[in-house]
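Shown next: my_file_29.pdb, containing PDB, C-alpha atoms.
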ATOM      1  CA  MET A 187     -29.347 -15.991  42.100
ATOM      2  CA  ARG A 188     -28.828 -19.422  43.644
ATOM      3  CA  ILE A 189     -29.912 -18.732  47.223
ATOM      4  CA  GLY A 190     -32.431 -15.921  46.697
ATOM      5  CA  PRO A 191     -35.434 -18.029  45.607
ATOM      6  CA  SER A 192     -35.225 -20.077  48.825
ATOM      7  CA  LEU A 193     -35.518 -17.001  51.076
ATOM      8  CA  PRO A 194     -38.706 -15.486  52.553
ATOM      9  CA  ALA A 195     -40.455 -13.080  50.191
ATOM     10  CA  ALA A 196     -39.052  -9.843  51.649
ATOM     11  CA  LEU A 197     -35.504 -11.197  51.745
ATOM     12  CA  GLU A 198     -35.822 -12.606  48.235
ATOM     13  CA  ARG A 199     -36.817  -9.145  47.017
ATOM     14  CA  VAL A 200     -33.686  -7.667  48.585
ATOM     15  CA  ALA A 201     -31.480 -10.451  47.206
ATOM     16  CA  THR A 202     -32.892  -9.809  43.727
ATOM     17  CA  PHE A 203     -31.988  -6.143  44.091
ATOM     18  CA  PHE A 204     -28.435  -7.076  45.112
ATOM     19  CA  ALA A 205     -28.101  -9.336  42.068
ATOM     20  CA  GLN A 206     -29.571  -6.920  39.529
ATOM     21  CA  HIS A 207     -28.011  -3.720  40.854
ATOM     22  CA  PRO A 208     -24.501  -4.380  42.218
ATOM     23  CA  ASP A 209     -23.523  -0.783  41.420
ATOM     24  CA  ARG A 210     -26.358   0.675  43.513
ATOM     25  CA  THR A 211     -25.759  -1.923  46.222
ATOM     26  CA  ALA A 212     -22.132  -0.846  46.530
ATOM     27  CA  ALA A 213     -23.080   2.833  46.790
ATOM     28  CA  SER A 214     -26.175   2.654  49.020
ATOM     29  CA  SER A 215     -26.843   2.270  52.731
ATOM     30  CA  ALA A 216     -29.086  -0.411  54.200
ATOM     31  CA  VAL A 217     -31.782   2.235  54.740
ATOM     32  CA  GLU A 218     -31.595   3.360  51.096
ATOM     33  CA  ILE A 219     -31.753  -0.219  49.812
ATOM     34  CA  ALA A 220     -34.769  -0.819  52.074
ATOM     35  CA  THR A 221     -36.466   2.152  50.403
ATOM     36  CA  PHE A 222     -35.634   0.829  46.933
ATOM     37  CA  THR A 223     -37.057  -2.623  47.766
ATOM     38  CA  GLY A 224     -40.005  -1.665  49.937
ATOM     39  CA  THR A 225     -38.591  -3.514  52.954
ATOM     40  CA  SER A 226     -36.828  -2.547  56.189
ATOM     41  CA  ASP A 227     -33.147  -1.992  56.887
ATOM     42  CA  ALA A 228     -33.318  -4.998  59.207
ATOM     43  CA  SER A 229     -34.488  -7.142  56.268
ATOM     44  CA  VAL A 230     -31.600  -5.826  54.157
ATOM     45  CA  ILE A 231     -29.060  -6.802  56.809
ATOM     46  CA  ARG A 232     -30.731 -10.197  57.349
ATOM     47  CA  THR A 233     -30.512 -10.811  53.585
ATOM     48  CA  ALA A 234     -26.789 -10.065  53.582
ATOM     49  CA  HIS A 235     -26.296 -12.610  56.362
ATOM     50  CA  ALA A 236     -28.513 -15.173  54.611
ATOM     51  CA  LEU A 237     -26.343 -14.867  51.502
ATOM     52  CA  GLY A 238     -23.219 -15.693  53.513
ATOM     53  CA  TYR A 239     -21.777 -12.215  54.104
ATOM     54  CA  SER A 240     -20.665 -11.050  57.548
ATOM     55  CA  GLY A 241     -22.655  -7.850  57.115
ATOM     56  CA  MET A 242     -23.398  -4.938  54.818
ATOM     57  CA  LYS A 243     -19.782  -3.813  54.664
ATOM     58  CA  ASP A 244     -18.725  -7.237  53.418
ATOM     59  CA  LEU A 245     -21.592  -7.363  50.914
ATOM     60  CA  LYS A 246     -20.887  -3.879  49.558
ATOM     61  CA  ARG A 247     -17.209  -4.740  49.112
ATOM     62  CA  ALA A 248     -18.178  -7.809  47.064
ATOM     63  CA  ALA A 249     -20.589  -5.746  44.961
ATOM     64  CA  LEU A 250     -17.910  -3.121  44.308
ATOM     65  CA  ASN A 251     -15.413  -5.800  43.278
ATOM     66  CA  LEU A 252     -17.970  -7.312  40.904
ATOM     67  CA  VAL A 253     -18.644  -3.996  39.208
ATOM     68  CA  SER A 254     -14.993  -2.962  38.924
ATOM     69  CA  GLU A 255     -13.812  -6.336  37.641
ATOM     70  CA  ARG A 256     -16.594  -6.657  35.081
ATOM     71  CA  PHE A 257     -15.883  -3.287  33.481
ATOM     72  CA  ASP A 258     -12.084  -3.330  33.563
ATOM     73  CA  PRO A 259     -10.947  -5.082  30.339
ATOM     74  CA  GLU A 260      -7.285  -4.880  31.350
ATOM     75  CA  LYS A 261      -7.942  -6.656  34.638
ATOM     76  CA  VAL A 262     -10.081  -9.265  32.907
ATOM     77  CA  LEU A 263      -7.288 -10.038  30.438
ATOM     78  CA  GLU A 264      -4.657 -10.170  33.191
ATOM     79  CA  GLN A 265      -6.683 -12.676  35.204
ATOM     80  CA  ARG A 266      -7.372 -14.814  32.147
ATOM     81  CA  ILE A 267      -3.687 -14.927  31.236
ATOM     82  CA  GLU A 268      -2.782 -15.853  34.813
ATOM     83  CA  ARG A 269      -5.338 -18.695  34.823
ATOM     84  CA  VAL A 270      -3.933 -20.300  31.664
ATOM     85  CA  ARG A 271      -0.265 -19.364  31.924
ATOM     86  CA  ASP A 272       0.996 -22.961  31.828
ATOM     87  CA  HIS A 273      -1.820 -24.807  30.022
ATOM     88  CA  ALA A 274      -3.876 -22.424  27.912
ATOM     89  CA  LEU A 275      -6.019 -24.962  26.048
ATOM     90  CA  THR A 276      -6.704 -27.065  29.139
ATOM     91  CA  GLY A 277      -7.642 -23.967  31.119
ATOM     92  CA  VAL A 278     -10.027 -22.739  28.436
ATOM     93  CA  ILE A 279     -11.672 -26.157  28.119
ATOM     94  CA  ASP A 280     -12.048 -26.615  31.875
ATOM     95  CA  ASP A 281     -13.519 -23.150  32.459
ATOM     96  CA  THR A 282     -15.849 -23.535  29.461
ATOM     97  CA  ILE A 283     -17.156 -26.866  30.759
ATOM     98  CA  GLN A 284     -17.769 -25.378  34.198
ATOM     99  CA  ALA A 285     -19.517 -22.333  32.709
ATOM    100  CA  HIS A 286     -21.857 -24.565  30.711
ATOM    101  CA  ALA A 287     -22.616 -26.671  33.784
ATOM    102  CA  ARG A 288     -23.490 -23.583  35.835
ATOM    103  CA  THR A 289     -25.731 -22.237  33.077
ATOM    104  CA  ARG A 290     -27.982 -25.268  33.549
ATOM    105  CA  HIS A 291     -29.092 -23.563  36.772
ATOM    106  CA  THR A 292     -29.206 -19.912  35.674
ATOM    107  CA  ILE A 293     -31.933 -20.370  33.045
ATOM    108  CA  PRO A 294     -35.144 -21.839  34.536
ATOM    109  CA  GLN A 295     -37.151 -24.121  32.263
ATOM    110  CA  GLU A 296     -40.166 -21.819  32.264
ATOM    111  CA  THR A 297     -37.968 -18.897  31.196
ATOM    112  CA  TRP A 298     -36.482 -20.988  28.402
ATOM    113  CA  ASP A 299     -39.918 -22.123  27.214
ATOM    114  CA  HIS A 300     -41.101 -18.511  27.215
ATOM    115  CA  ALA A 301     -38.179 -17.420  25.025
ATOM    116  CA  VAL A 302     -38.700 -20.279  22.560
ATOM    117  CA  GLY A 303     -42.408 -19.516  22.386
ATOM    118  CA  LEU A 304     -41.832 -15.837  21.616
ATOM    119  CA  LEU A 305     -39.542 -16.717  18.700
ATOM    120  CA  ALA A 306     -41.733 -19.526  17.374
ATOM    121  CA  GLU A 307     -44.773 -17.245  17.293
ATOM    122  CA  ALA A 308     -42.981 -14.324  15.622
ATOM    123  CA  ARG A 309     -43.461 -13.490  11.953
ATOM    124  CA  ARG A 310     -39.784 -12.553  11.742
ATOM    125  CA  VAL A 311     -36.877 -12.768  14.166
ATOM    126  CA  PHE A 312     -34.364  -9.918  14.325
ATOM    127  CA  CYS A 313     -31.001 -10.810  15.907
ATOM    128  CA  TYR A 314     -28.726  -8.035  17.146
ATOM    129  CA  GLY A 315     -25.376  -7.832  18.898
ATOM    130  CA  LEU A 316     -22.274  -5.683  18.635
ATOM    131  CA  LYS A 317     -18.955  -7.187  17.604
ATOM    132  CA  PRO A 318     -17.419  -9.520  18.581
ATOM    133  CA  VAL A 319     -20.655 -11.190  19.729
ATOM    134  CA  GLY A 320     -22.532 -10.035  16.629
ATOM    135  CA  PHE A 321     -21.474 -13.088  14.624
ATOM    136  CA  ILE A 322     -23.682 -15.190  16.910
ATOM    137  CA  GLY A 323     -26.692 -13.244  15.698
ATOM    138  CA  ASP A 324     -25.578 -13.990  12.121
ATOM    139  CA  TYR A 325     -25.355 -17.693  12.944
ATOM    140  CA  MET A 326     -28.733 -17.784  14.675
ATOM    141  CA  ALA A 327     -30.512 -15.986  11.823
ATOM    142  CA  HIS A 328     -28.876 -18.322   9.282
ATOM    143  CA  MET A 329     -29.999 -21.444  11.126
ATOM    144  CA  LEU A 330     -33.531 -20.144  11.752
ATOM    145  CA  ASN A 331     -33.925 -19.453   8.037
ATOM    146  CA  ARG A 332     -32.920 -23.039   7.322
ATOM    147  CA  VAL A 333     -35.897 -24.309   9.307
ATOM    148  CA  GLY A 334     -38.421 -21.904   7.828
ATOM    149  CA  VAL A 335     -38.281 -18.958  10.227
ATOM    150  CA  ASP A 336     -37.760 -15.609   8.523
ATOM    151  CA  ALA A 337     -34.780 -14.164  10.390
ATOM    152  CA  ARG A 338     -32.186 -11.460   9.868
ATOM    153  CA  SER A 339     -29.196 -10.162  11.797
ATOM    154  CA  ALA A 340     -27.060  -7.070  12.190
ATOM    155  CA  HIS A 341     -24.259  -5.640  14.299
ATOM    156  CA  HIS A 342     -24.554  -2.053  13.127
ATOM    157  CA  THR A 343     -23.596   0.963  15.185
ATOM    158  CA  GLY A 344     -24.675   4.572  14.836
ATOM    159  CA  VAL A 345     -27.309   5.639  12.336
ATOM    160  CA  LEU A 346     -27.134   2.374  10.363
ATOM    161  CA  LEU A 347     -28.879   0.668  13.261
ATOM    162  CA  ALA A 348     -31.977   2.745  12.497
ATOM    163  CA  ASP A 349     -32.220   1.190   9.016
ATOM    164  CA  TYR A 350     -32.059  -2.294  10.529
ATOM    165  CA  LEU A 351     -34.749  -1.549  13.118
ATOM    166  CA  LEU A 352     -37.080   0.269  10.701
ATOM    167  CA  PRO A 353     -39.086  -2.834   9.529
ATOM    168  CA  LEU A 354     -39.614  -4.146  13.084
ATOM    169  CA  THR A 355     -43.292  -4.496  14.045
ATOM    170  CA  ALA A 356     -45.355  -6.012  16.830
ATOM    171  CA  ASP A 357     -45.555  -9.271  14.850
ATOM    172  CA  ASP A 358     -41.772  -9.694  15.033
ATOM    173  CA  ALA A 359     -39.351 -10.539  17.849
ATOM    174  CA  LEU A 360     -35.918  -9.162  18.689
ATOM    175  CA  VAL A 361     -33.078 -11.237  20.157
ATOM    176  CA  VAL A 362     -30.317  -9.127  21.707
ATOM    177  CA  PHE A 363     -26.864 -10.471  22.548
ATOM    178  CA  ALA A 364     -25.190  -8.349  25.224
ATOM    179  CA  PRO A 365     -22.982 -10.662  27.285
ATOM    180  CA  ILE A 366     -21.362  -8.105  29.557
ATOM    181  CA  ARG A 367     -22.019  -4.461  28.669
ATOM    182  CA  GLN A 368     -25.075  -2.388  27.851
ATOM    183  CA  PHE A 369     -23.914  -0.171  25.014
ATOM    184  CA  ASP A 370     -26.107   2.683  23.801
ATOM    185  CA  GLU A 371     -27.057   0.719  20.683
ATOM    186  CA  VAL A 372     -28.286  -2.196  22.803
ATOM    187  CA  ALA A 373     -30.568   0.063  24.815
ATOM    188  CA  ALA A 374     -31.767   1.822  21.658
ATOM    189  CA  ALA A 375     -32.610  -1.473  19.930
ATOM    190  CA  VAL A 376     -34.552  -2.765  22.941
ATOM    191  CA  ARG A 377     -36.465   0.473  23.436
ATOM    192  CA  HIS A 378     -37.395   0.772  19.785
ATOM    193  CA  ALA A 379     -38.693  -2.802  19.792
ATOM    194  CA  LYS A 380     -40.803  -2.090  22.847
ATOM    195  CA  SER A 381     -42.090   1.138  21.268
ATOM    196  CA  VAL A 382     -43.654  -0.957  18.480
ATOM    197  CA  ASP A 383     -44.751  -3.701  20.923
ATOM    198  CA  ALA A 384     -42.290  -6.298  19.603
ATOM    199  CA  PRO A 385     -41.182  -8.833  22.243
ATOM    200  CA  VAL A 386     -37.490  -8.839  23.187
ATOM    201  CA  VAL A 387     -35.302 -11.734  24.357
ATOM    202  CA  LEU A 388     -32.051 -10.638  26.029
ATOM    203  CA  ILE A 389     -29.060 -12.976  26.365
ATOM    204  CA  THR A 390     -26.531 -11.763  28.938
ATOM    205  CA  GLU A 391     -24.410 -12.749  31.900
ATOM    206  CA  ALA A 392     -24.594  -9.263  33.448
ATOM    207  CA  ILE A 393     -27.096  -9.563  36.280
ATOM    208  CA  GLY A 394     -26.842  -5.810  36.898
ATOM    209  CA  MET A 395     -27.660  -4.699  33.352
ATOM    210  CA  PRO A 396     -30.366  -1.993  33.633
ATOM    211  CA  ILE A 397     -32.106  -2.893  30.353
ATOM    212  CA  ARG A 398     -33.113  -6.276  31.832
ATOM    213  CA  SER A 399     -36.180  -4.648  33.388
ATOM    214  CA  GLU A 400     -37.418  -3.501  29.964
ATOM    215  CA  VAL A 401     -37.314  -6.786  28.021
ATOM    216  CA  ASP A 402     -39.853  -9.608  27.903
ATOM    217  CA  CYS A 403     -37.468 -12.462  28.648
ATOM    218  CA  THR A 404     -33.870 -12.591  29.897
ATOM    219  CA  LEU A 405     -31.716 -15.693  29.471
ATOM    220  CA  THR A 406     -28.964 -15.279  32.050
ATOM    221  CA  THR A 407     -25.800 -17.248  31.345
ATOM    222  CA  SER A 408     -23.109 -18.108  33.864
ATOM    223  CA  PRO A 409     -20.358 -15.474  34.296
ATOM    224  CA  THR A 410     -17.307 -16.009  32.076
ATOM    225  CA  SER A 411     -15.608 -12.616  32.129
ATOM    226  CA  MET A 412     -13.332 -13.549  35.043
ATOM    227  CA  SER A 413     -12.497 -17.011  33.720
ATOM    228  CA  ALA A 414     -10.580 -18.390  30.749
ATOM    229  CA  ALA A 415     -13.832 -19.161  28.914
ATOM    230  CA  SER A 416     -14.814 -16.882  26.026
ATOM    231  CA  ASP A 417     -17.529 -14.276  26.556
ATOM    232  CA  GLN A 418     -19.095 -15.585  23.339
ATOM    233  CA  VAL A 419     -19.195 -19.313  24.079
ATOM    234  CA  LEU A 420     -22.352 -19.377  26.217
ATOM    235  CA  PRO A 421     -24.358 -16.972  24.025
ATOM    236  CA  LEU A 422     -23.495 -19.224  21.077
ATOM    237  CA  THR A 423     -24.717 -22.275  22.970
ATOM    238  CA  VAL A 424     -27.938 -20.475  23.921
ATOM    239  CA  ALA A 425     -28.470 -19.327  20.314
ATOM    240  CA  HIS A 426     -28.044 -22.885  19.058
ATOM    241  CA  GLY A 427     -30.452 -24.139  21.703
ATOM    242  CA  LEU A 428     -33.049 -21.537  20.732
ATOM    243  CA  PHE A 429     -32.784 -22.519  17.070
ATOM    244  CA  LEU A 430     -33.313 -26.183  17.955
ATOM    245  CA  GLY A 431     -36.133 -25.306  20.339
ATOM    246  CA  VAL A 432     -37.988 -23.298  17.701
ATOM    247  CA  ALA A 433     -37.515 -26.064  15.122
ATOM    248  CA  ALA A 434     -38.943 -28.575  17.609
ATOM    249  CA  VAL A 435     -42.034 -26.402  18.095
ATOM    250  CA  LEU A 436     -42.473 -26.085  14.306
ATOM    251  CA  PRO A 437     -41.495 -29.585  13.033
ATOM    252  CA  HIS A 438     -43.559 -29.499   9.833
ATOM    253  CA  ARG A 439     -42.178 -26.142   8.787
ATOM    254  CA  ALA A 440     -38.647 -27.366   9.503
ATOM    255  CA  THR A 441     -38.962 -30.503   7.378
ATOM    256  CA  GLU A 442     -40.727 -28.697   4.515
ATOM    257  CA  THR A 443     -38.055 -26.001   4.428
ATOM    258  CA  MET A 444     -35.293 -28.602   4.451
ATOM    259  CA  THR A 445     -36.949 -30.346   1.489
ATOM    260  CA  ARG A 446     -37.122 -27.106  -0.485
ATOM    261  CA  LEU A 447     -33.505 -26.300   0.351
ATOM    262  CA  ASN A 448     -32.341 -29.671  -0.992
ATOM    263  CA  GLU A 449     -34.374 -29.132  -4.152
ATOM    264  CA  ILE A 450     -32.710 -25.779  -4.786
ATOM    265  CA  ARG A 451     -29.135 -26.784  -4.018
ATOM    266  CA  PRO A 452     -28.491 -28.898  -7.162
ATOM    267  CA  THR A 453     -29.703 -26.031  -9.330
ATOM    268  CA  VAL A 454     -27.041 -23.642  -8.033
ATOM    269  CA  SER A 455     -24.092 -25.986  -7.666
ATOM    270  CA  PRO A 456     -22.987 -29.219  -9.369
ATOM    271  CA  GLN A 457     -21.661 -30.496  -6.048
ATOM    272  CA  LYS A 458     -23.649 -33.045  -4.128
ATOM    273  CA  ALA A 459     -24.830 -30.989  -1.181
ATOM    274  CA  THR A 460     -27.921 -32.638   0.240
ATOM    275  CA  LEU A 461     -28.596 -31.392   3.763
ATOM    276  CA  THR A 462     -30.475 -33.628   6.191
ATOM    277  CA  LEU A 463     -32.097 -33.073   9.547
ATOM    278  CA  GLU A 464     -29.345 -35.226  11.013
ATOM    279  CA  ASP A 465     -26.766 -32.741   9.720
ATOM    280  CA  LEU A 466     -28.445 -30.006  11.743
ATOM    281  CA  GLY A 467     -28.968 -32.167  14.819
ATOM    282  CA  LEU A 468     -32.724 -31.886  14.341
ATOM    283  CA  ALA A 469     -33.829 -35.399  13.499
ATOM    284  CA  GLN A 470     -34.658 -36.535  17.024
ATOM    285  CA  VAL A 471     -36.524 -33.404  18.129
ATOM    286  CA  VAL A 472     -38.514 -33.130  14.909
ATOM    287  CA  ARG A 473     -39.546 -36.795  14.975
ATOM    288  CA  ALA A 474     -40.569 -36.574  18.623
ATOM    289  CA  ASN A 475     -42.751 -33.542  17.953
ATOM    290  CA  ALA A 476     -44.210 -35.123  14.830
ATOM    291  CA  VAL A 477     -45.382 -38.133  16.834
ATOM    292  CA  ASP A 478     -46.914 -35.840  19.458
ATOM    293  CA  SER A 479     -48.862 -33.735  16.960
ATOM    294  CA  ASN A 480     -51.540 -36.354  16.058
ATOM    295  CA  MET A 481     -50.317 -36.848  12.496
ATOM    296  CA  ASN A 482     -51.790 -39.676  10.442
ATOM    297  CA  GLU A 483     -49.747 -42.842   9.879
ATOM    298  CA  ASP A 484     -48.609 -41.856   6.361
ATOM    299  CA  ASP A 485     -47.286 -38.524   7.640
ATOM    300  CA  LYS A 486     -45.462 -40.307  10.461
TER     301      LYS A 486
END
Now that the file is in, can you turn its structure into structure tokens?
Amino acid sequence: MRIGPSLPAALERVATFFAQHPDRTAASSAVEIATFTGTSDASVIRTAHALGYSGMKDLKRAALNLVSERFDPEKVLEQRIERVRDHALTGVIDDTIQAHARTRHTIPQETWDHAVGLLAEARRVFCYGLKPVGFIGDYMAHMLNRVGVDARSAHHTGVLLADYLLPLTADDALVVFAPIRQFDEVAAAVRHAKSVDAPVVLITEAIGMPIRSEVDCTLTTSPTSMSAASDQVLPLTVAHGLFLGVAAVLPHRATETMTRLNEIRPTVSPQKATLTLEDLGLAQVVRANAVDSNMNEDDK
């Protein structure tokens, strides 16, 4: 992901294949990969060298290790315990900071802007993720509703997922949280959304997840599964960023909704519970967008 964009076009195409399909990379020959990518076996081998591997054997070993480590929960837990054996909190904090820093470079600005635009333009936003990441969808839907975006969330499995997906239309958008694994429900949710022409934003760290090719926008976070950082921490950060980004695109709707919320709160509780834009971390982005939207002086 880091080196690929700097390579010649043919080599970049091969590097993208390596990144998105580590399972097929581990199981395929250079000739087969050349067929998959529309290049030559020489280009495949040159790509392996350009990425720092001694050759295809070395590359395929790395791809196999990536696949086996990612899908072995016992090994993941063992490595995490080993990393924090003496200083658990420090290890978690350090790995979380590093994961956030790396994610700065895994989500290009144009990809981010595309995701924000899809959600801002949607009539409703559906958020979906299986437990334990499903709570992030709950959080995102809650915060979007607070700034005037009709949003809902679910982490259903089985037939209950059909009830959740039933109202989805082309005017809506679906956000899917799938940090590491593509469960059947994830694929079903994405494919139903696409069947009704609803745009889909996928949030994942799994560069080899097959469903990536079927969504409209993928926000790829830095890998955490082999570190002490939580698998949920980066999706939560991305969800919070999307909520703020949408609010910044729709500043008037955000402020009007906040006003209505504060008007309702005293009627349902005697407690003083006024909520401000500052409480949500929105004041600066909303004011900046208000100034840029050619409002009159009284509105400003």
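Between atom CA of Asp281 of chain A and atom CA of Ala415 of chain A the separation is 5.3 Å.
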Given the PyMOL selection byres ((chain A and resi 215-217) around 9) and the file above, list the residues it selects as a ChimeraX atom specification. /A:211-214,218-222,226-231,242
Spatial neighbours of Leu351 of chain A, 8 Å, all atoms listed in the file, chain gap at least 3 places, as a PyMOL selection string: chain A and resi 347-348+354+375+378-379
Leaving out Gln284 of chain A and any residue of its chain fewer than 5 positions from it, which residues lie within 12 Å of it when counting only C-alpha atoms, given as a list in words? Gly277, Val278, Ile279, Thr289, Arg290, His291, Thr407, Ser408, Pro409, Thr410, Ser413, Ala414, Ala415, Val419 and Leu420 of chain A
If we count all atoms listed in the file and set the cut-off at 12 Å, which residues sit around Asp299 of chain A, ignoring sequence neighbours fewer than 2 positions away in its own chain? Please answer as an MDAnalysis selection string. chainID A and resid 293:297 301:306 387 403:405 427:428 431:432 434:435
What separates atom CA of Leu245 of chain A and atom CA of Asp417 of chain A is a distance of 25.6 Å
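Proximity ranking of A:Ala236, A:Ala308, A:Val333, A:Ala359 relative to Glu198 of chain A places A:Ala236 first, based on only C-alpha atoms.
Put simply, atom CA of Ala195 of chain A is 19.3 Å away from atom CA of Ser399 of chain A.
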Applying 9 Å and only C-alpha atoms, which residues near His207 of chain A remain after dropping the ones on its own chain fewer than 3 positions away? List them as a PyMOL selection string. chain A and resi 202-204+210-212+249+393-396
Could you list, as a VMD selection string, every residue within 9 Å of Arg377 of chain A, counting only C-alpha atoms and ignoring same-chain residues fewer than 3 positions away? chain A and resid 372 to 374 380 to 382 397 400 to 401
Axis-aligned box for segment 403-415 of chain A, 6 Å per side, centre and edges in Å as JSON:
{"center_x": -24.0, "center_y": -15.8, "center_z": 31.8, "size_x": 38.9, "size_y": 18.7, "size_z": 18.4}
Determine the nearest neighbour of Asp357 of chain A from the options A:Leu252, A:Val386, A:Ala274, A:Leu237, counting only C-alpha atoms. A:Val386
